[in-house]
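S.K.: This is the structure I have questions about; it appears just below.
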Amino acid sequence: MSDNPVVVGTGLTKIGRRWEDSLSDLFAEASRQAIEEAGIQPQVVFVGNMVAGELDGQEHLGLALEDGAGAFPLVPAFKVESACSSGGSALLAGYMAVKSGVYDSALVVGVEKLSEEPSDSITTALAEAADADFESYYGASFTSLNALLMRSYMKDYNVPRDWLSEIAVMMHKNAVDNPYAQLRKAITVEDVNRSRVIADPIRLLDCSPTGDGAAAILLTRPELAKGDVQVELAGMGVGVDTIGVNGRVSLSDVPATARAAKAAFSAAKIEPKDLNVLEVHDAFTIMAALALEDIGVVGKGEGAKFFHEGNAERDGKLPVNPEGGLKARGHPVGATGVYGAVEVVRQLQGKAGKMQVPRAEIGAFHNLGGSGSHAVIGVFKRKR
């Protein structure tokens, strides 16, 4: 088996309502950045996307995006879908393709366009990642399902509402410095607590905004990479659980995340305490707290407290989402996992600008699908 792949190029687009841009335009913008930085062409492409077939009427997506973008010569291309963790799963496919030796280089692009349809249509499309028979059929949305998790967590561990609101406040503060972020506006705890109730106890400012965006990573074998400093994709892991929350033993944790973390950290030969920076899938504030616990950064019931004590700030014990996370950077669903991966890579490269975490050499990203049914975690290491 080959050595672990290294990252030779990355690309990001600003997240927002990109009315003037098609899926192919977004794909091309991120891809060109990655290829230009890498100086090599991909031999295969993996596209992370969730709802292009439903909302954009386009399947056979990989080749359609390549052909429409014209950013590089046509190569084999595949769409990878696992709900909101589609981007992370696409990166796993690229990792396996290069590590196995089947391909020398792989371009992974997460892309989603959600601005063309009304909010009700988007909510319905996203709900298709839930249990069709026992959740979405009865009108359960991802907000309401996450509200169950949040209420259970607050009750089981006696967590103050303000501690979860503080997570949203930190994410917005971080996103002010992020040129790619959708919500570059500071907020207060009072703003969160007074915002509109969506599904009690979740309020509007507990929720991440959906948007249009694309992110790209180009992987290759280490002997083909240029430069003195390389960032290695040292290990990846996937964990799964029941698709419906009714099948879970507990609503106060996400076992899929714990399983993914165990596999990724074992492959990368690290422990949670070795991390210098972490990107978690905070589609809702509750998921940020749960992620820290299930990844193993803190014990059960201590995730919200970790944020409350300032440990997740850029200068804290373990900086979490220094670019603003899904909560403020934005959540272009199928692209989200690749955004998190790119952000970790740029931290380890020392290219994060105002968002830079000091002395970052090991980082991980966490990407979640459904209401905790599918989790992907990847570990990156800086190599000299």
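All residue names refer to the structure tokens as shown: chains lettered A, B, ... in order, residues numbered from 1 in each chain, ligands numbered from 1 in order.
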Would you return as an MDAnalysis selection string the members of region 273-303 of chain A that DSSP assigns to strand (DSSP E or B) on this structure's backbone?
M.R.: chainID A and resid 277:279 284
S.K.: With only C-alpha atoms as the counted atoms, please give the residues lying no more than 6 Å from Gly48 (chain A), apart from itself and same-chain residues fewer than 4 positions off, as a ChimeraX atom specification.
M.R.: /A:80,86-87,90,110,334
S.K.: Keeping only N, CA and C atoms, write the selected residues to a file as a short mmCIF file (atom, residue, chain, number, x, y, z; two decimals), in the first residue's frame.
M.R.:
```cif
data_model
loop_
_atom_site.label_atom_id
_atom_site.label_comp_id
_atom_site.auth_asym_id
_atom_site.auth_seq_id
_atom_site.Cartn_x
_atom_site.Cartn_y
_atom_site.Cartn_z
N VAL A 80 -20.33 11.53 -5.02
CA VAL A 80 -20.40 10.80 -3.76
C VAL A 80 -21.45 11.48 -2.89
N SER A 86 -21.52 14.39 2.61
CA SER A 86 -21.10 14.03 1.26
C SER A 86 -19.69 14.52 0.95
N GLY A 87 -19.35 15.73 1.39
CA GLY A 87 -18.02 16.26 1.13
C GLY A 87 -16.94 15.43 1.80
N ALA A 90 -16.59 12.18 -0.05
CA ALA A 90 -15.86 12.35 -1.30
C ALA A 90 -14.35 12.41 -1.04
N GLY A 110 -16.27 19.57 -3.20
CA GLY A 110 -17.61 19.62 -2.63
C GLY A 110 -18.32 20.82 -3.22
N GLY A 334 -23.46 19.60 0.77
CA GLY A 334 -22.52 18.62 0.22
C GLY A 334 -21.10 19.12 0.12
#
```
S.K.: Each residue of region 194-217 of chain A lying at most 12 Å from region 139-144 of chain A should get a row with its shortest atom-to-atom pair and the distance in Å to one decimal, counting only C-alpha atoms; could you produce that, ordered by chain and increasing number, as a Markdown table?
M.R.:
```
| residue | atom | partner | partner_atom | distance |
| --- | --- | --- | --- | --- |
| A:Val197 | CA | A:Thr143 | CA | 10.6 |
| A:Ile198 | CA | A:Thr143 | CA | 7.3 |
| A:Ala199 | CA | A:Ser144 | CA | 5.2 |
| A:Asp200 | CA | A:Ser144 | CA | 7.8 |
| A:Pro201 | CA | A:Ser144 | CA | 9.2 |
| A:Ile202 | CA | A:Thr143 | CA | 7.4 |
| A:Arg203 | CA | A:Thr143 | CA | 9.4 |
| A:Leu204 | CA | A:Thr143 | CA | 9.8 |
| A:Leu205 | CA | A:Thr143 | CA | 11.9 |
| A:Asp206 | CA | A:Thr143 | CA | 9.7 |
| A:Cys207 | CA | A:Thr143 | CA | 8.0 |
| A:Ser208 | CA | A:Thr143 | CA | 10.3 |
| A:Pro209 | CA | A:Thr143 | CA | 12.0 |
```
S.K.: Write a file of the just-selected residues containing N, CA and C atoms, as an mmCIF file, in the first residue's frame.
M.R.:
```
data_model
loop_
_atom_site.group_PDB
_atom_site.id
_atom_site.type_symbol
_atom_site.label_atom_id
_atom_site.label_comp_id
_atom_site.auth_asym_id
_atom_site.auth_seq_id
_atom_site.Cartn_x
_atom_site.Cartn_y
_atom_site.Cartn_z
ATOM 1 N N VAL A 197 -37.905 31.433 17.638
ATOM 2 C CA VAL A 197 -37.919 29.996 17.919
ATOM 3 C C VAL A 197 -38.252 29.250 16.628
ATOM 4 N N ILE A 198 -37.404 28.276 16.278
ATOM 5 C CA ILE A 198 -37.630 27.454 15.094
ATOM 6 C C ILE A 198 -38.231 26.113 15.500
ATOM 7 N N ALA A 199 -37.606 25.463 16.455
ATOM 8 C CA ALA A 199 -38.126 24.223 17.054
ATOM 9 C C ALA A 199 -37.564 24.190 18.469
ATOM 10 N N ASP A 200 -38.367 24.553 19.423
ATOM 11 C CA ASP A 200 -37.917 24.733 20.797
ATOM 12 C C ASP A 200 -37.093 23.538 21.303
ATOM 13 N N PRO A 201 -35.881 23.758 21.833
ATOM 14 C CA PRO A 201 -35.277 25.024 22.246
ATOM 15 C C PRO A 201 -34.378 25.688 21.185
ATOM 16 N N ILE A 202 -34.370 25.190 19.961
ATOM 17 C CA ILE A 202 -33.518 25.779 18.927
ATOM 18 C C ILE A 202 -34.139 27.065 18.404
ATOM 19 N N ARG A 203 -33.318 28.112 18.413
ATOM 20 C CA ARG A 203 -33.719 29.405 17.870
ATOM 21 C C ARG A 203 -32.971 29.672 16.578
ATOM 22 N N LEU A 204 -33.386 30.718 15.873
ATOM 23 C CA LEU A 204 -32.816 31.004 14.561
ATOM 24 C C LEU A 204 -31.295 31.088 14.597
ATOM 25 N N LEU A 205 -30.747 31.757 15.610
ATOM 26 C CA LEU A 205 -29.298 31.954 15.656
ATOM 27 C C LEU A 205 -28.549 30.760 16.228
ATOM 28 N N ASP A 206 -29.258 29.669 16.515
ATOM 29 C CA ASP A 206 -28.598 28.382 16.792
ATOM 30 C C ASP A 206 -28.304 27.637 15.492
ATOM 31 N N CYS A 207 -28.912 28.083 14.393
ATOM 32 C CA CYS A 207 -28.877 27.344 13.134
ATOM 33 C C CYS A 207 -27.838 27.895 12.169
ATOM 34 N N SER A 208 -27.217 27.019 11.410
ATOM 35 C CA SER A 208 -26.309 27.448 10.352
ATOM 36 C C SER A 208 -27.108 27.833 9.119
ATOM 37 N N PRO A 209 -26.614 28.787 8.320
ATOM 38 C CA PRO A 209 -27.317 29.161 7.094
ATOM 39 C C PRO A 209 -26.879 28.279 5.926
#
```
S.K.: Do you know which residues are at most 12 Å from Ala71 (chain A) counting only C-alpha atoms, after dropping those on the same chain fewer than 3 positions away, and could you put them as a list of chain:residue names?
M.R.: A:Ser24, A:Asp25, A:Leu26, A:Phe27, A:Ala28, A:Glu29, A:Ala30, A:Ser31, A:Arg32, A:Gln33, A:Ala34, A:Ile35, A:Glu36, A:Gln41, A:Pro42, A:Leu65, A:Glu66, A:Asp67, A:Gly68, A:Leu74, A:Val75, A:Leu107
S.K.: Give me the residues within 12 Å of Glu271 (chain A) as a list in words, counting only C-alpha atoms and dropping any in the same chain fewer than 2 places off.
M.R.: Gly235, Ala261, Lys262, Ala263, Ala264, Phe265, Ser266, Ala267, Ala268, Lys269, Lys273, Asp274, Leu275, Asn276, Ile295, Gly296, Val297, Ile362, Gly363, Ala364 and Val379 of chain A
S.K.: Could those residues be written to a file, using N, CA and C atoms, as a PDB file, in the first residue's frame?
M.R.:
```pdb
ATOM      1  N   GLY A 235      -4.955  10.065   8.097  1.00  0.00           N
ATOM      2  CA  GLY A 235      -5.907   9.012   8.443  1.00  0.00           C
ATOM      3  C   GLY A 235      -7.335   9.500   8.324  1.00  0.00           C
ATOM      4  N   ALA A 261     -14.033   8.875  14.877  1.00  0.00           N
ATOM      5  CA  ALA A 261     -12.832   9.397  15.526  1.00  0.00           C
ATOM      6  C   ALA A 261     -11.875   8.272  15.893  1.00  0.00           C
ATOM      7  N   LYS A 262     -12.405   7.199  16.436  1.00  0.00           N
ATOM      8  CA  LYS A 262     -11.554   6.073  16.811  1.00  0.00           C
ATOM      9  C   LYS A 262     -10.790   5.529  15.608  1.00  0.00           C
ATOM     10  N   ALA A 263     -11.486   5.378  14.476  1.00  0.00           N
ATOM     11  CA  ALA A 263     -10.847   4.849  13.277  1.00  0.00           C
ATOM     12  C   ALA A 263      -9.825   5.823  12.702  1.00  0.00           C
ATOM     13  N   ALA A 264     -10.183   7.110  12.647  1.00  0.00           N
ATOM     14  CA  ALA A 264      -9.278   8.109  12.069  1.00  0.00           C
ATOM     15  C   ALA A 264      -8.028   8.286  12.914  1.00  0.00           C
ATOM     16  N   PHE A 265      -8.205   8.377  14.228  1.00  0.00           N
ATOM     17  CA  PHE A 265      -7.054   8.590  15.105  1.00  0.00           C
ATOM     18  C   PHE A 265      -6.145   7.373  15.140  1.00  0.00           C
ATOM     19  N   SER A 266      -6.725   6.180  15.055  1.00  0.00           N
ATOM     20  CA  SER A 266      -5.917   4.968  15.001  1.00  0.00           C
ATOM     21  C   SER A 266      -5.079   4.939  13.726  1.00  0.00           C
ATOM     22  N   ALA A 267      -5.689   5.289  12.601  1.00  0.00           N
ATOM     23  CA  ALA A 267      -4.958   5.298  11.327  1.00  0.00           C
ATOM     24  C   ALA A 267      -3.849   6.339  11.329  1.00  0.00           C
ATOM     25  N   ALA A 268      -4.125   7.485  11.949  1.00  0.00           N
ATOM     26  CA  ALA A 268      -3.141   8.576  11.963  1.00  0.00           C
ATOM     27  C   ALA A 268      -2.139   8.450  13.108  1.00  0.00           C
ATOM     28  N   LYS A 269      -2.384   7.488  14.001  1.00  0.00           N
ATOM     29  CA  LYS A 269      -1.504   7.254  15.156  1.00  0.00           C
ATOM     30  C   LYS A 269      -1.417   8.493  16.055  1.00  0.00           C
ATOM     31  N   LYS A 273      -5.719  14.542  22.304  1.00  0.00           N
ATOM     32  CA  LYS A 273      -4.874  15.546  22.962  1.00  0.00           C
ATOM     33  C   LYS A 273      -3.764  16.064  22.066  1.00  0.00           C
ATOM     34  N   ASP A 274      -3.500  15.376  20.954  1.00  0.00           N
ATOM     35  CA  ASP A 274      -2.446  15.793  20.035  1.00  0.00           C
ATOM     36  C   ASP A 274      -2.904  16.875  19.062  1.00  0.00           C
ATOM     37  N   LEU A 275      -4.199  17.118  18.972  1.00  0.00           N
ATOM     38  CA  LEU A 275      -4.725  18.071  18.009  1.00  0.00           C
ATOM     39  C   LEU A 275      -4.363  19.509  18.375  1.00  0.00           C
ATOM     40  N   ASN A 276      -4.029  20.292  17.368  1.00  0.00           N
ATOM     41  CA  ASN A 276      -3.777  21.725  17.537  1.00  0.00           C
ATOM     42  C   ASN A 276      -4.925  22.577  17.018  1.00  0.00           C
ATOM     43  N   ILE A 295     -15.753  13.032  19.980  1.00  0.00           N
ATOM     44  CA  ILE A 295     -14.394  12.927  19.432  1.00  0.00           C
ATOM     45  C   ILE A 295     -13.398  12.554  20.524  1.00  0.00           C
ATOM     46  N   GLY A 296     -13.745  12.880  21.775  1.00  0.00           N
ATOM     47  CA  GLY A 296     -12.874  12.516  22.887  1.00  0.00           C
ATOM     48  C   GLY A 296     -12.049  13.662  23.429  1.00  0.00           C
ATOM     49  N   VAL A 297     -12.365  14.877  23.022  1.00  0.00           N
ATOM     50  CA  VAL A 297     -11.648  16.049  23.524  1.00  0.00           C
ATOM     51  C   VAL A 297     -11.981  16.280  24.992  1.00  0.00           C
ATOM     52  N   ILE A 362      -0.988  19.587  13.730  1.00  0.00           N
ATOM     53  CA  ILE A 362      -1.910  18.455  13.581  1.00  0.00           C
ATOM     54  C   ILE A 362      -3.328  18.975  13.722  1.00  0.00           C
ATOM     55  N   GLY A 363      -4.178  18.650  12.760  1.00  0.00           N
ATOM     56  CA  GLY A 363      -5.558  19.111  12.805  1.00  0.00           C
ATOM     57  C   GLY A 363      -6.502  18.063  12.261  1.00  0.00           C
ATOM     58  N   ALA A 364      -7.778  18.206  12.572  1.00  0.00           N
ATOM     59  CA  ALA A 364      -8.789  17.260  12.100  1.00  0.00           C
ATOM     60  C   ALA A 364     -10.056  17.996  11.725  1.00  0.00           C
ATOM     61  N   VAL A 379      -7.764  13.330   9.572  1.00  0.00           N
ATOM     62  CA  VAL A 379      -6.654  13.909  10.321  1.00  0.00           C
ATOM     63  C   VAL A 379      -5.546  14.326   9.359  1.00  0.00           C
TER      64      VAL A 379
END
```
S.K.: My list of candidates is A:Gly39, A:Gly301, A:Gly310, A:Gly330. Which is closest to Met170 (chain A) when distances are computed with only C-alpha atoms?
M.R.: A:Gly310
S.K.: Go through A:Val229, A:Leu91, A:Met154, A:Leu348 and flag the residue nearest Ala360 (chain A), using only C-alpha atoms for the distances.
M.R.: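 Result for the nearest residue to Ala360 (chain A): A:Leu348.
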S.K.: Smallest atom-to-atom distance to Thr13 (chain A): which of A:Glu313, A:Asp212, A:Asp56, A:Asp131, using only C-alpha atoms?
M.R.: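 Smallest separation from Thr13 (chain A) among the options: A:Asp212.
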S.K.: Compile the contact shell of Val6 (chain A) as a VMD selection string: residues with an atom at most 9 Å away, counting only C-alpha atoms, same-chain residues fewer than 3 positions apart removed.
M.R.: chain A and resid 218 to 222 225 230 to 234 380
S.K.: Would you pick out the contacts of Tyr157 (chain A) at 12 Å or less, using only C-alpha atoms, so that residues sharing its chain but fewer than 2 positions from it are not included, and give the list as JSON, numbers by chain?
M.R.: {"A": [150, 151, 152, 153, 154, 155, 159, 160, 161, 251, 252, 253, 289, 290, 299, 300, 301, 302, 303, 304, 305]}
S.K.: Pick out the residues sitting within 9 Å of region 246-250 of chain A, and hand them over as a ChimeraX atom specification; count only C-alpha atoms, and ignore anything fewer than 2 positions along from it in its own chain.
M.R.: /A:134-135,149,152,241-244,252-254
S.K.: Deliver the residues from the most recent selection as a file, using C-alpha atoms, as a compact mmCIF listing (two decimals), in the first residue's frame.
M.R.:
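New file again_13.txt:
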```
# COMPACT_ATOMS: atom_id res chain seq x y z
CA PHE A 134 -40.90 7.42 10.33
CA GLU A 135 -39.47 10.98 10.35
CA LEU A 149 -30.99 16.23 20.94
CA SER A 152 -32.14 15.97 26.01
CA ASP A 241 -25.66 4.81 13.37
CA THR A 242 -29.37 4.30 12.80
CA ILE A 243 -30.79 6.69 10.21
CA GLY A 244 -33.67 7.60 12.51
CA SER A 252 -27.35 13.05 24.31
CA ASP A 253 -24.49 11.79 22.18
CA VAL A 254 -23.60 10.84 18.60
```
S.K.: Please identify the helix (DSSP H, G or I) residues within region 318-365 of chain A (assignment by DSSP from backbone atoms) and present them as a VMD selection string.
M.R.: chain A and resid 325 to 329 333 to 349 353 to 355
S.K.: Interatomic distance between CA of His366 (chain A) and CA of Met96 (chain A)?
M.R.: 17.8 Å
S.K.: With distances taken over only C-alpha atoms, which residue among A:Ala260, A:Ala132, A:Leu61, A:Val376 lies nearest Val338 (chain A)?
M.R.: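 Nearest to Val338 (chain A): A:Val376.
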